[in-house]
Amino acid sequence: MPEAPLADSGSGLAPSGAGWFVVNVRDAEWWTSETFGSGCAFESRDAWFSEFGINVSVLEPGSSNCLYHSESQQEAFLVLSGECKLLVDGEERPLRAWDFFHCPAGTEHVFVGAGEAPSVVLMVGARSPDEKLHYPVSELAAGYGASAEEATADPKQAYARFNRPERAWPPYWDQLPWA
């Protein structure tokens, strides 16, 4: 297997073809959302990871990483730094650095930044061509701006009211553990 070339997207390096590669989180391509924090996914449209997804998400206090949802695939999450809240199956759990969350398929969940500084969470999930998503209406998640307005299985419908993330480093870049 050849080494994949890395190309600068304007907000870091992303693979521009198939193959193995090494990239530091600090140098990888970053995406930022007004609503859902920032992160890097290590992949690109030209080099999509077909079997699992992996990303590092950075959440400012009060900001969620996405909308409250469940998936038909399992996921795993590790808080690398800071504090956040896990909203899971209608409950709220505080998390801090080195807390691990195993998320079996069908578990409703979302993360919300907490504390005084951004939190950093490593997120990994299985992928399947027949993956199914569900975005329920959740009063708990709505309190954090992280609930769908109406229950749906369609991500486009669930996220229709939000701006798409942009390729950009987060404004709090110098506060992160690798700065």
# chains A, B, ... in the order shown; residues from 1 in each chain; ligands from 1
call {"tool": "select_by_dssp", "arguments": {"residues": "region 1-79 of chain A", "states": "strand (DSSP E or B)", "output": "PDB file with all heavy atoms, in the first residue's frame"}}
result
ATOM      1  N   GLU A   3       1.949   5.317   0.369  1.00  0.00           N
ATOM      2  CA  GLU A   3       1.629   6.412   1.272  1.00  0.00           C
ATOM      3  C   GLU A   3       0.700   7.392   0.560  1.00  0.00           C
ATOM      4  O   GLU A   3       0.921   7.741  -0.606  1.00  0.00           O
ATOM      5  CB  GLU A   3       2.902   7.132   1.708  1.00  0.00           C
ATOM      6  CG  GLU A   3       2.661   8.244   2.699  1.00  0.00           C
ATOM      7  CD  GLU A   3       3.942   8.866   3.229  1.00  0.00           C
ATOM      8  OE1 GLU A   3       5.042   8.438   2.839  1.00  0.00           O
ATOM      9  OE2 GLU A   3       3.828   9.802   4.043  1.00  0.00           O
ATOM     10  N   LEU A   6      -0.680  14.146   1.286  1.00  0.00           N
ATOM     11  CA  LEU A   6      -1.448  15.081   2.104  1.00  0.00           C
ATOM     12  C   LEU A   6      -1.451  16.435   1.415  1.00  0.00           C
ATOM     13  O   LEU A   6      -0.415  16.896   0.941  1.00  0.00           O
ATOM     14  CB  LEU A   6      -0.845  15.209   3.502  1.00  0.00           C
ATOM     15  CG  LEU A   6      -0.858  13.934   4.346  1.00  0.00           C
ATOM     16  CD1 LEU A   6      -0.125  14.162   5.662  1.00  0.00           C
ATOM     17  CD2 LEU A   6      -2.284  13.473   4.606  1.00  0.00           C
ATOM     18  N   ALA A   7      -2.609  17.054   1.349  1.00  0.00           N
ATOM     19  CA  ALA A   7      -2.738  18.357   0.695  1.00  0.00           C
ATOM     20  C   ALA A   7      -3.246  19.380   1.712  1.00  0.00           C
ATOM     21  O   ALA A   7      -4.080  19.056   2.556  1.00  0.00           O
ATOM     22  CB  ALA A   7      -3.705  18.265  -0.480  1.00  0.00           C
ATOM     23  N   ASP A   8      -2.750  20.608   1.615  1.00  0.00           N
ATOM     24  CA  ASP A   8      -3.185  21.679   2.501  1.00  0.00           C
ATOM     25  C   ASP A   8      -4.506  22.238   1.995  1.00  0.00           C
ATOM     26  O   ASP A   8      -4.597  22.743   0.884  1.00  0.00           O
ATOM     27  CB  ASP A   8      -2.132  22.781   2.562  1.00  0.00           C
ATOM     28  CG  ASP A   8      -2.428  23.814   3.632  1.00  0.00           C
ATOM     29  OD1 ASP A   8      -3.571  23.869   4.126  1.00  0.00           O
ATOM     30  OD2 ASP A   8      -1.509  24.572   3.979  1.00  0.00           O
ATOM     31  N   LEU A  13      -3.855  19.829   6.887  1.00  0.00           N
ATOM     32  CA  LEU A  13      -3.565  18.772   5.921  1.00  0.00           C
ATOM     33  C   LEU A  13      -4.624  17.679   5.940  1.00  0.00           C
ATOM     34  O   LEU A  13      -5.075  17.258   7.005  1.00  0.00           O
ATOM     35  CB  LEU A  13      -2.205  18.150   6.228  1.00  0.00           C
ATOM     36  CG  LEU A  13      -1.012  19.097   6.207  1.00  0.00           C
ATOM     37  CD1 LEU A  13       0.242  18.374   6.693  1.00  0.00           C
ATOM     38  CD2 LEU A  13      -0.809  19.656   4.810  1.00  0.00           C
ATOM     39  N   ALA A  14      -4.994  17.210   4.742  1.00  0.00           N
ATOM     40  CA  ALA A  14      -5.952  16.111   4.587  1.00  0.00           C
ATOM     41  C   ALA A  14      -5.440  15.200   3.474  1.00  0.00           C
ATOM     42  O   ALA A  14      -4.802  15.666   2.531  1.00  0.00           O
ATOM     43  CB  ALA A  14      -7.335  16.645   4.246  1.00  0.00           C
ATOM     44  N   PRO A  15      -5.727  13.896   3.562  1.00  0.00           N
ATOM     45  CA  PRO A  15      -5.295  12.992   2.498  1.00  0.00           C
ATOM     46  C   PRO A  15      -6.000  13.312   1.186  1.00  0.00           C
ATOM     47  O   PRO A  15      -7.185  13.608   1.162  1.00  0.00           O
ATOM     48  CB  PRO A  15      -5.689  11.608   3.021  1.00  0.00           C
ATOM     49  CG  PRO A  15      -6.770  11.861   4.006  1.00  0.00           C
ATOM     50  CD  PRO A  15      -6.506  13.214   4.592  1.00  0.00           C
ATOM     51  N   TRP A  20      -1.796   4.791   3.332  1.00  0.00           N
ATOM     52  CA  TRP A  20      -1.535   5.119   4.732  1.00  0.00           C
ATOM     53  C   TRP A  20      -0.934   6.513   4.823  1.00  0.00           C
ATOM     54  O   TRP A  20      -0.395   7.039   3.847  1.00  0.00           O
ATOM     55  CB  TRP A  20      -0.599   4.080   5.357  1.00  0.00           C
ATOM     56  CG  TRP A  20       0.770   4.037   4.740  1.00  0.00           C
ATOM     57  CD1 TRP A  20       1.177   3.234   3.709  1.00  0.00           C
ATOM     58  CD2 TRP A  20       1.885   4.844   5.092  1.00  0.00           C
ATOM     59  NE1 TRP A  20       2.482   3.504   3.401  1.00  0.00           N
ATOM     60  CE2 TRP A  20       2.947   4.484   4.247  1.00  0.00           C
ATOM     61  CE3 TRP A  20       2.107   5.835   6.044  1.00  0.00           C
ATOM     62  CZ2 TRP A  20       4.198   5.079   4.316  1.00  0.00           C
ATOM     63  CZ3 TRP A  20       3.361   6.425   6.118  1.00  0.00           C
ATOM     64  CH2 TRP A  20       4.388   6.035   5.265  1.00  0.00           C
ATOM     65  N   ALA A  28      -3.524  18.697  11.107  1.00  0.00           N
ATOM     66  CA  ALA A  28      -4.616  18.130  10.306  1.00  0.00           C
ATOM     67  C   ALA A  28      -5.638  19.198   9.917  1.00  0.00           C
ATOM     68  O   ALA A  28      -5.692  20.274  10.507  1.00  0.00           O
ATOM     69  CB  ALA A  28      -5.308  17.012  11.080  1.00  0.00           C
ATOM     70  N   TRP A  31     -12.318  21.777  10.928  1.00  0.00           N
ATOM     71  CA  TRP A  31     -13.618  22.333  10.560  1.00  0.00           C
ATOM     72  C   TRP A  31     -14.209  23.004  11.794  1.00  0.00           C
ATOM     73  O   TRP A  31     -14.062  22.499  12.912  1.00  0.00           O
ATOM     74  CB  TRP A  31     -14.554  21.221  10.089  1.00  0.00           C
ATOM     75  CG  TRP A  31     -14.136  20.636   8.789  1.00  0.00           C
ATOM     76  CD1 TRP A  31     -13.179  19.682   8.580  1.00  0.00           C
ATOM     77  CD2 TRP A  31     -14.639  20.966   7.503  1.00  0.00           C
ATOM     78  NE1 TRP A  31     -13.068  19.394   7.248  1.00  0.00           N
ATOM     79  CE2 TRP A  31     -13.958  20.181   6.559  1.00  0.00           C
ATOM     80  CE3 TRP A  31     -15.611  21.857   7.052  1.00  0.00           C
ATOM     81  CZ2 TRP A  31     -14.213  20.255   5.202  1.00  0.00           C
ATOM     82  CZ3 TRP A  31     -15.862  21.924   5.704  1.00  0.00           C
ATOM     83  CH2 TRP A  31     -15.168  21.131   4.789  1.00  0.00           C
ATOM     84  N   THR A  32     -14.860  24.141  11.607  1.00  0.00           N
ATOM     85  CA  THR A  32     -15.439  24.880  12.727  1.00  0.00           C
ATOM     86  C   THR A  32     -16.888  25.228  12.412  1.00  0.00           C
ATOM     87  O   THR A  32     -17.208  25.608  11.289  1.00  0.00           O
ATOM     88  CB  THR A  32     -14.622  26.173  13.001  1.00  0.00           C
ATOM     89  OG1 THR A  32     -13.293  25.781  13.356  1.00  0.00           O
ATOM     90  CG2 THR A  32     -15.213  26.977  14.119  1.00  0.00           C
ATOM     91  N   SER A  33     -17.734  25.093  13.430  1.00  0.00           N
ATOM     92  CA  SER A  33     -19.155  25.404  13.320  1.00  0.00           C
ATOM     93  C   SER A  33     -19.521  26.413  14.397  1.00  0.00           C
ATOM     94  O   SER A  33     -19.059  26.297  15.533  1.00  0.00           O
ATOM     95  CB  SER A  33     -19.977  24.126  13.519  1.00  0.00           C
ATOM     96  OG  SER A  33     -21.329  24.413  13.762  1.00  0.00           O
ATOM     97  N   GLY A  37     -19.110  23.456  17.666  1.00  0.00           N
ATOM     98  CA  GLY A  37     -17.696  23.353  17.997  1.00  0.00           C
ATOM     99  C   GLY A  37     -16.817  23.134  16.784  1.00  0.00           C
ATOM    100  O   GLY A  37     -17.183  23.445  15.655  1.00  0.00           O
ATOM    101  N   SER A  38     -15.642  22.576  17.043  1.00  0.00           N
ATOM    102  CA  SER A  38     -14.639  22.378  16.002  1.00  0.00           C
ATOM    103  C   SER A  38     -14.097  20.962  16.064  1.00  0.00           C
ATOM    104  O   SER A  38     -14.238  20.279  17.074  1.00  0.00           O
ATOM    105  CB  SER A  38     -13.478  23.352  16.192  1.00  0.00           C
ATOM    106  OG  SER A  38     -13.938  24.679  16.146  1.00  0.00           O
ATOM    107  N   GLY A  39     -13.442  20.553  14.984  1.00  0.00           N
ATOM    108  CA  GLY A  39     -12.834  19.229  15.011  1.00  0.00           C
ATOM    109  C   GLY A  39     -12.069  18.904  13.766  1.00  0.00           C
ATOM    110  O   GLY A  39     -12.120  19.623  12.770  1.00  0.00           O
ATOM    111  N   CYS A  40     -11.331  17.807  13.862  1.00  0.00           N
ATOM    112  CA  CYS A  40     -10.655  17.273  12.680  1.00  0.00           C
ATOM    113  C   CYS A  40     -11.039  15.811  12.549  1.00  0.00           C
ATOM    114  O   CYS A  40     -11.203  15.102  13.541  1.00  0.00           O
ATOM    115  CB  CYS A  40      -9.146  17.469  12.758  1.00  0.00           C
ATOM    116  SG  CYS A  40      -8.292  16.468  13.947  1.00  0.00           S
ATOM    117  N   PHE A  52     -14.707   2.758   9.649  1.00  0.00           N
ATOM    118  CA  PHE A  52     -14.954   3.462  10.902  1.00  0.00           C
ATOM    119  C   PHE A  52     -14.620   4.933  10.730  1.00  0.00           C
ATOM    120  O   PHE A  52     -13.828   5.314   9.890  1.00  0.00           O
ATOM    121  CB  PHE A  52     -14.165   2.860  12.077  1.00  0.00           C
ATOM    122  CG  PHE A  52     -12.677   3.111  12.015  1.00  0.00           C
ATOM    123  CD1 PHE A  52     -12.121   4.215  12.656  1.00  0.00           C
ATOM    124  CD2 PHE A  52     -11.843   2.258  11.326  1.00  0.00           C
ATOM    125  CE1 PHE A  52     -10.764   4.459  12.594  1.00  0.00           C
ATOM    126  CE2 PHE A  52     -10.483   2.490  11.267  1.00  0.00           C
ATOM    127  CZ  PHE A  52      -9.939   3.599  11.905  1.00  0.00           C
ATOM    128  N   GLY A  53     -15.288   5.747  11.541  1.00  0.00           N
ATOM    129  CA  GLY A  53     -15.004   7.173  11.558  1.00  0.00           C
ATOM    130  C   GLY A  53     -14.230   7.503  12.820  1.00  0.00           C
ATOM    131  O   GLY A  53     -14.434   6.881  13.859  1.00  0.00           O
ATOM    132  N   ILE A  54     -13.338   8.467  12.730  1.00  0.00           N
ATOM    133  CA  ILE A  54     -12.581   8.904  13.901  1.00  0.00           C
ATOM    134  C   ILE A  54     -12.368  10.405  13.780  1.00  0.00           C
ATOM    135  O   ILE A  54     -12.084  10.909  12.699  1.00  0.00           O
ATOM    136  CB  ILE A  54     -11.240   8.141  14.032  1.00  0.00           C
ATOM    137  CG1 ILE A  54     -10.500   8.568  15.308  1.00  0.00           C
ATOM    138  CG2 ILE A  54     -10.386   8.307  12.784  1.00  0.00           C
ATOM    139  CD1 ILE A  54      -9.347   7.650  15.664  1.00  0.00           C
ATOM    140  N   ASN A  55     -12.567  11.099  14.884  1.00  0.00           N
ATOM    141  CA  ASN A  55     -12.313  12.529  14.876  1.00  0.00           C
ATOM    142  C   ASN A  55     -11.985  13.006  16.276  1.00  0.00           C
ATOM    143  O   ASN A  55     -12.222  12.309  17.263  1.00  0.00           O
ATOM    144  CB  ASN A  55     -13.497  13.306  14.287  1.00  0.00           C
ATOM    145  CG  ASN A  55     -14.719  13.277  15.154  1.00  0.00           C
ATOM    146  OD1 ASN A  55     -14.756  13.881  16.218  1.00  0.00           O
ATOM    147  ND2 ASN A  55     -15.752  12.569  14.709  1.00  0.00           N
ATOM    148  N   VAL A  56     -11.422  14.190  16.337  1.00  0.00           N
ATOM    149  CA  VAL A  56     -11.192  14.886  17.591  1.00  0.00           C
ATOM    150  C   VAL A  56     -12.109  16.102  17.563  1.00  0.00           C
ATOM    151  O   VAL A  56     -12.034  16.913  16.634  1.00  0.00           O
ATOM    152  CB  VAL A  56      -9.713  15.316  17.738  1.00  0.00           C
ATOM    153  CG1 VAL A  56      -9.534  16.189  18.968  1.00  0.00           C
ATOM    154  CG2 VAL A  56      -8.804  14.101  17.785  1.00  0.00           C
ATOM    155  N   SER A  57     -13.001  16.204  18.542  1.00  0.00           N
ATOM    156  CA  SER A  57     -13.925  17.329  18.620  1.00  0.00           C
ATOM    157  C   SER A  57     -13.552  18.213  19.801  1.00  0.00           C
ATOM    158  O   SER A  57     -13.192  17.715  20.866  1.00  0.00           O
ATOM    159  CB  SER A  57     -15.360  16.841  18.809  1.00  0.00           C
ATOM    160  OG  SER A  57     -15.840  16.270  17.624  1.00  0.00           O
ATOM    161  N   VAL A  58     -13.664  19.514  19.587  1.00  0.00           N
ATOM    162  CA  VAL A  58     -13.375  20.494  20.623  1.00  0.00           C
ATOM    163  C   VAL A  58     -14.657  21.279  20.870  1.00  0.00           C
ATOM    164  O   VAL A  58     -15.238  21.839  19.937  1.00  0.00           O
ATOM    165  CB  VAL A  58     -12.235  21.443  20.201  1.00  0.00           C
ATOM    166  CG1 VAL A  58     -11.949  22.458  21.289  1.00  0.00           C
ATOM    167  CG2 VAL A  58     -10.973  20.647  19.860  1.00  0.00           C
ATOM    168  N   LEU A  59     -15.087  21.309  22.135  1.00  0.00           N
ATOM    169  CA  LEU A  59     -16.350  21.941  22.504  1.00  0.00           C
ATOM    170  C   LEU A  59     -16.118  23.062  23.498  1.00  0.00           C
ATOM    171  O   LEU A  59     -15.531  22.850  24.556  1.00  0.00           O
ATOM    172  CB  LEU A  59     -17.285  20.912  23.139  1.00  0.00           C
ATOM    173  CG  LEU A  59     -17.598  19.690  22.295  1.00  0.00           C
ATOM    174  CD1 LEU A  59     -18.339  18.657  23.111  1.00  0.00           C
ATOM    175  CD2 LEU A  59     -18.398  20.107  21.082  1.00  0.00           C
ATOM    176  N   PRO A  61     -17.532  25.616  26.373  1.00  0.00           N
ATOM    177  CA  PRO A  61     -18.582  25.427  27.371  1.00  0.00           C
ATOM    178  C   PRO A  61     -19.951  25.849  26.813  1.00  0.00           C
ATOM    179  O   PRO A  61     -20.087  26.912  26.218  1.00  0.00           O
ATOM    180  CB  PRO A  61     -18.140  26.353  28.512  1.00  0.00           C
ATOM    181  CG  PRO A  61     -16.643  26.386  28.382  1.00  0.00           C
ATOM    182  CD  PRO A  61     -16.394  26.366  26.893  1.00  0.00           C
ATOM    183  N   SER A  64     -22.670  22.029  21.927  1.00  0.00           N
ATOM    184  CA  SER A  64     -22.762  20.582  21.692  1.00  0.00           C
ATOM    185  C   SER A  64     -21.949  20.199  20.453  1.00  0.00           C
ATOM    186  O   SER A  64     -21.645  21.045  19.623  1.00  0.00           O
ATOM    187  CB  SER A  64     -24.220  20.157  21.506  1.00  0.00           C
ATOM    188  OG  SER A  64     -24.755  20.690  20.321  1.00  0.00           O
ATOM    189  N   HIS A  69     -28.932  12.178  19.193  1.00  0.00           N
ATOM    190  CA  HIS A  69     -29.290  11.176  18.188  1.00  0.00           C
ATOM    191  C   HIS A  69     -28.915   9.776  18.658  1.00  0.00           C
ATOM    192  O   HIS A  69     -28.216   9.606  19.655  1.00  0.00           O
ATOM    193  CB  HIS A  69     -28.566  11.468  16.873  1.00  0.00           C
ATOM    194  CG  HIS A  69     -27.087  11.248  16.969  1.00  0.00           C
ATOM    195  ND1 HIS A  69     -26.247  12.104  17.652  1.00  0.00           N
ATOM    196  CD2 HIS A  69     -26.302  10.251  16.487  1.00  0.00           C
ATOM    197  CE1 HIS A  69     -25.001  11.652  17.582  1.00  0.00           C
ATOM    198  NE2 HIS A  69     -25.012  10.526  16.883  1.00  0.00           N
ATOM    199  N   SER A  70     -29.346   8.792  17.896  1.00  0.00           N
ATOM    200  CA  SER A  70     -28.872   7.415  18.045  1.00  0.00           C
ATOM    201  C   SER A  70     -28.496   6.902  16.663  1.00  0.00           C
ATOM    202  O   SER A  70     -28.932   7.444  15.646  1.00  0.00           O
ATOM    203  CB  SER A  70     -29.939   6.523  18.683  1.00  0.00           C
ATOM    204  OG  SER A  70     -31.054   6.387  17.826  1.00  0.00           O
ATOM    205  N   GLU A  71     -27.661   5.884  16.667  1.00  0.00           N
ATOM    206  CA  GLU A  71     -27.181   5.272  15.414  1.00  0.00           C
ATOM    207  C   GLU A  71     -27.311   3.762  15.506  1.00  0.00           C
ATOM    208  O   GLU A  71     -27.342   3.211  16.600  1.00  0.00           O
ATOM    209  CB  GLU A  71     -25.711   5.630  15.187  1.00  0.00           C
ATOM    210  CG  GLU A  71     -25.454   7.111  15.157  1.00  0.00           C
ATOM    211  CD  GLU A  71     -23.973   7.437  15.009  1.00  0.00           C
ATOM    212  OE1 GLU A  71     -23.247   6.679  14.357  1.00  0.00           O
ATOM    213  OE2 GLU A  71     -23.563   8.466  15.551  1.00  0.00           O
ATOM    214  N   GLU A  75     -20.301   3.148  18.966  1.00  0.00           N
ATOM    215  CA  GLU A  75     -19.301   4.206  18.986  1.00  0.00           C
ATOM    216  C   GLU A  75     -18.541   4.141  20.303  1.00  0.00           C
ATOM    217  O   GLU A  75     -18.973   3.495  21.258  1.00  0.00           O
ATOM    218  CB  GLU A  75     -19.961   5.585  18.873  1.00  0.00           C
ATOM    219  CG  GLU A  75     -20.659   5.830  17.546  1.00  0.00           C
ATOM    220  CD  GLU A  75     -21.304   7.187  17.509  1.00  0.00           C
ATOM    221  OE1 GLU A  75     -22.351   7.361  18.166  1.00  0.00           O
ATOM    222  OE2 GLU A  75     -20.750   8.072  16.839  1.00  0.00           O
ATOM    223  N   ALA A  76     -17.421   4.869  20.357  1.00  0.00           N
ATOM    224  CA  ALA A  76     -16.629   4.969  21.577  1.00  0.00           C
ATOM    225  C   ALA A  76     -16.076   6.385  21.674  1.00  0.00           C
ATOM    226  O   ALA A  76     -15.737   6.992  20.647  1.00  0.00           O
ATOM    227  CB  ALA A  76     -15.496   3.954  21.566  1.00  0.00           C
ATOM    228  N   PHE A  77     -16.007   6.908  22.892  1.00  0.00           N
ATOM    229  CA  PHE A  77     -15.595   8.286  23.120  1.00  0.00           C
ATOM    230  C   PHE A  77     -14.641   8.347  24.304  1.00  0.00           C
ATOM    231  O   PHE A  77     -14.893   7.704  25.329  1.00  0.00           O
ATOM    232  CB  PHE A  77     -16.815   9.162  23.421  1.00  0.00           C
ATOM    233  CG  PHE A  77     -17.876   9.112  22.352  1.00  0.00           C
ATOM    234  CD1 PHE A  77     -18.872   8.158  22.382  1.00  0.00           C
ATOM    235  CD2 PHE A  77     -17.870  10.030  21.310  1.00  0.00           C
ATOM    236  CE1 PHE A  77     -19.858   8.110  21.405  1.00  0.00           C
ATOM    237  CE2 PHE A  77     -18.846   9.990  20.326  1.00  0.00           C
ATOM    238  CZ  PHE A  77     -19.840   9.037  20.373  1.00  0.00           C
ATOM    239  N   LEU A  78     -13.585   9.155  24.192  1.00  0.00           N
ATOM    240  CA  LEU A  78     -12.636   9.350  25.272  1.00  0.00           C
ATOM    241  C   LEU A  78     -12.405  10.849  25.440  1.00  0.00           C
ATOM    242  O   LEU A  78     -11.977  11.525  24.487  1.00  0.00           O
ATOM    243  CB  LEU A  78     -11.308   8.645  24.965  1.00  0.00           C
ATOM    244  CG  LEU A  78     -10.206   8.788  26.007  1.00  0.00           C
ATOM    245  CD1 LEU A  78     -10.617   8.139  27.328  1.00  0.00           C
ATOM    246  CD2 LEU A  78      -8.915   8.174  25.480  1.00  0.00           C
ATOM    247  N   VAL A  79     -12.699  11.377  26.627  1.00  0.00           N
ATOM    248  CA  VAL A  79     -12.451  12.790  26.908  1.00  0.00           C
ATOM    249  C   VAL A  79     -10.946  12.944  27.140  1.00  0.00           C
ATOM    250  O   VAL A  79     -10.395  12.331  28.054  1.00  0.00           O
ATOM    251  CB  VAL A  79     -13.258  13.279  28.131  1.00  0.00           C
ATOM    252  CG1 VAL A  79     -12.963  14.753  28.406  1.00  0.00           C
ATOM    253  CG2 VAL A  79     -14.749  13.052  27.924  1.00  0.00           C
TER     254      VAL A  79
END
call {"tool": "residues_around", "arguments": {"residues": "region 163-179 of chain A", "least_positions_apart": "5", "cutoff": "9 Å", "atoms": "only C-alpha atoms", "output": "list of chain:residue names"}}
result
A:Ser9, A:Gly10, A:Ser11, A:Gly12, A:Val25, A:Arg26, A:Glu29, A:Trp30, A:Trp31, A:Thr32, A:Ser33, A:Glu34, A:Thr35, A:Phe36, A:Gly37, A:Ser38, A:Gly39, A:Val58, A:Glu60, A:Ser81, A:Ala117, A:Pro118, A:Ser119, A:Val120
call {"tool": "write_last_selection", "arguments": {"atoms": "C-alpha atoms", "output": "tab-separated table (two decimals), in the first residue's frame"}}
result
chain	number	residue	atom	x	y	z
A	9	SER	CA	-6.88	22.61	2.45
A	10	GLY	CA	-6.32	26.05	3.96
A	11	SER	CA	-7.12	24.80	7.47
A	12	GLY	CA	-4.62	21.96	7.67
A	25	VAL	CA	-3.74	16.68	15.11
A	26	ARG	CA	-2.22	20.16	15.24
A	29	GLU	CA	-7.53	19.77	8.48
A	30	TRP	CA	-9.94	21.46	10.90
A	31	TRP	CA	-13.62	22.33	10.56
A	32	THR	CA	-15.44	24.88	12.73
A	33	SER	CA	-19.15	25.40	13.32
A	34	GLU	CA	-20.84	28.34	15.04
A	35	THR	CA	-23.12	25.85	16.79
A	36	PHE	CA	-21.29	22.53	17.06
A	37	GLY	CA	-17.70	23.35	18.00
A	38	SER	CA	-14.64	22.38	16.00
A	39	GLY	CA	-12.83	19.23	15.01
A	58	VAL	CA	-13.37	20.49	20.62
A	60	GLU	CA	-16.59	25.34	24.11
A	81	SER	CA	-9.01	17.24	28.28
A	117	ALA	CA	-12.29	26.05	28.97
A	118	PRO	CA	-12.85	24.01	25.79
A	119	SER	CA	-13.01	20.22	26.17
A	120	VAL	CA	-11.39	17.81	23.73
call {"tool": "residues_around", "arguments": {"residues": "Tyr144 (chain A)", "least_positions_apart": "5", "cutoff": "12 Å", "atoms": "only C-alpha atoms", "output": "PDB file with N, CA and C atoms, in the first residue's frame"}}
result
ATOM      1  N   THR A  35     -22.256  26.548  15.850  1.00  0.00           N
ATOM      2  CA  THR A  35     -23.121  25.854  16.794  1.00  0.00           C
ATOM      3  C   THR A  35     -22.480  24.620  17.414  1.00  0.00           C
ATOM      4  N   PHE A  36     -21.719  23.849  16.625  1.00  0.00           N
ATOM      5  CA  PHE A  36     -21.292  22.533  17.057  1.00  0.00           C
ATOM      6  C   PHE A  36     -19.785  22.391  17.284  1.00  0.00           C
ATOM      7  N   PRO A  61     -17.532  25.616  26.373  1.00  0.00           N
ATOM      8  CA  PRO A  61     -18.582  25.427  27.371  1.00  0.00           C
ATOM      9  C   PRO A  61     -19.951  25.849  26.813  1.00  0.00           C
ATOM     10  N   GLY A  62     -20.927  24.956  26.955  1.00  0.00           N
ATOM     11  CA  GLY A  62     -22.287  25.214  26.476  1.00  0.00           C
ATOM     12  C   GLY A  62     -22.548  24.798  25.045  1.00  0.00           C
ATOM     13  N   SER A  63     -21.517  24.436  24.280  1.00  0.00           N
ATOM     14  CA  SER A  63     -21.654  24.055  22.872  1.00  0.00           C
ATOM     15  C   SER A  63     -21.726  22.531  22.740  1.00  0.00           C
ATOM     16  N   SER A  64     -22.670  22.029  21.927  1.00  0.00           N
ATOM     17  CA  SER A  64     -22.762  20.582  21.692  1.00  0.00           C
ATOM     18  C   SER A  64     -21.949  20.199  20.453  1.00  0.00           C
ATOM     19  N   ASN A  65     -21.617  18.919  20.348  1.00  0.00           N
ATOM     20  CA  ASN A  65     -20.856  18.457  19.181  1.00  0.00           C
ATOM     21  C   ASN A  65     -21.754  18.151  17.991  1.00  0.00           C
ATOM     22  N   CYS A  66     -23.054  17.989  18.223  1.00  0.00           N
ATOM     23  CA  CYS A  66     -24.008  17.662  17.157  1.00  0.00           C
ATOM     24  C   CYS A  66     -25.401  17.710  17.771  1.00  0.00           C
ATOM     25  N   LEU A  67     -26.388  17.166  17.093  1.00  0.00           N
ATOM     26  CA  LEU A  67     -27.724  17.028  17.658  1.00  0.00           C
ATOM     27  C   LEU A  67     -27.845  15.675  18.371  1.00  0.00           C
ATOM     28  N   TYR A  68     -28.663  15.639  19.387  1.00  0.00           N
ATOM     29  CA  TYR A  68     -28.968  14.421  20.146  1.00  0.00           C
ATOM     30  C   TYR A  68     -29.507  13.385  19.166  1.00  0.00           C
ATOM     31  N   LYS A  85     -20.451  17.506  29.388  1.00  0.00           N
ATOM     32  CA  LYS A  85     -21.615  16.764  29.852  1.00  0.00           C
ATOM     33  C   LYS A  85     -21.983  15.767  28.769  1.00  0.00           C
ATOM     34  N   LEU A  86     -22.327  14.583  29.172  1.00  0.00           N
ATOM     35  CA  LEU A  86     -22.850  13.564  28.271  1.00  0.00           C
ATOM     36  C   LEU A  86     -24.347  13.486  28.523  1.00  0.00           C
ATOM     37  N   LEU A  87     -25.134  13.747  27.492  1.00  0.00           N
ATOM     38  CA  LEU A  87     -26.572  13.523  27.565  1.00  0.00           C
ATOM     39  C   LEU A  87     -26.798  12.155  26.936  1.00  0.00           C
ATOM     40  N   GLU A  92     -28.253  13.111  32.213  1.00  0.00           N
ATOM     41  CA  GLU A  92     -27.078  13.972  32.067  1.00  0.00           C
ATOM     42  C   GLU A  92     -25.981  13.449  32.989  1.00  0.00           C
ATOM     43  N   VAL A 110     -25.396  12.840  23.065  1.00  0.00           N
ATOM     44  CA  VAL A 110     -24.723  14.024  22.550  1.00  0.00           C
ATOM     45  C   VAL A 110     -23.802  14.525  23.665  1.00  0.00           C
ATOM     46  N   PHE A 111     -22.742  15.231  23.290  1.00  0.00           N
ATOM     47  CA  PHE A 111     -21.826  15.849  24.255  1.00  0.00           C
ATOM     48  C   PHE A 111     -22.039  17.358  24.253  1.00  0.00           C
ATOM     49  N   VAL A 112     -21.878  17.982  25.440  1.00  0.00           N
ATOM     50  CA  VAL A 112     -21.973  19.431  25.586  1.00  0.00           C
ATOM     51  C   VAL A 112     -20.768  19.883  26.403  1.00  0.00           C
ATOM     52  N   GLY A 113     -20.036  20.878  25.892  1.00  0.00           N
ATOM     53  CA  GLY A 113     -18.892  21.410  26.619  1.00  0.00           C
ATOM     54  C   GLY A 113     -19.327  21.985  27.958  1.00  0.00           C
ATOM     55  N   ALA A 114     -18.449  21.879  28.969  1.00  0.00           N
ATOM     56  CA  ALA A 114     -18.729  22.395  30.310  1.00  0.00           C
ATOM     57  C   ALA A 114     -17.435  22.958  30.895  1.00  0.00           C
ATOM     58  N   SER A 138     -35.891  15.857  22.185  1.00  0.00           N
ATOM     59  CA  SER A 138     -35.478  15.643  23.569  1.00  0.00           C
ATOM     60  C   SER A 138     -35.539  16.957  24.338  1.00  0.00           C
ATOM     61  N   GLU A 139     -36.345  16.987  25.385  1.00  0.00           N
ATOM     62  CA  GLU A 139     -36.441  18.191  26.213  1.00  0.00           C
ATOM     63  C   GLU A 139     -35.091  18.490  26.875  1.00  0.00           C
TER      64      GLU A 139
END
call {"tool": "select_by_dssp", "arguments": {"residues": "chain A", "states": "helix (DSSP H, G or I)", "output": "list in words"}}
result
Glu139, Leu140, Ala141, Ala142, Pro155, Lys156, Gln157, Ala158, Trp173, Asp174 and Gln175 of chain A
call {"tool": "closest_residue", "arguments": {"among": "A:Thr152, A:Gln73, A:Ser16, A:Thr107", "to": "Glu51 (chain A)", "atoms": "only C-alpha atoms"}}
result
A:Gln73
call {"tool": "residues_around", "arguments": {"residues": "Ala18 (chain A)", "least_positions_apart": "3", "cutoff": "9 Å", "atoms": "only C-alpha atoms", "output": "PyMOL selection string"}}
result
chain A and resi 1-5+15+46-48
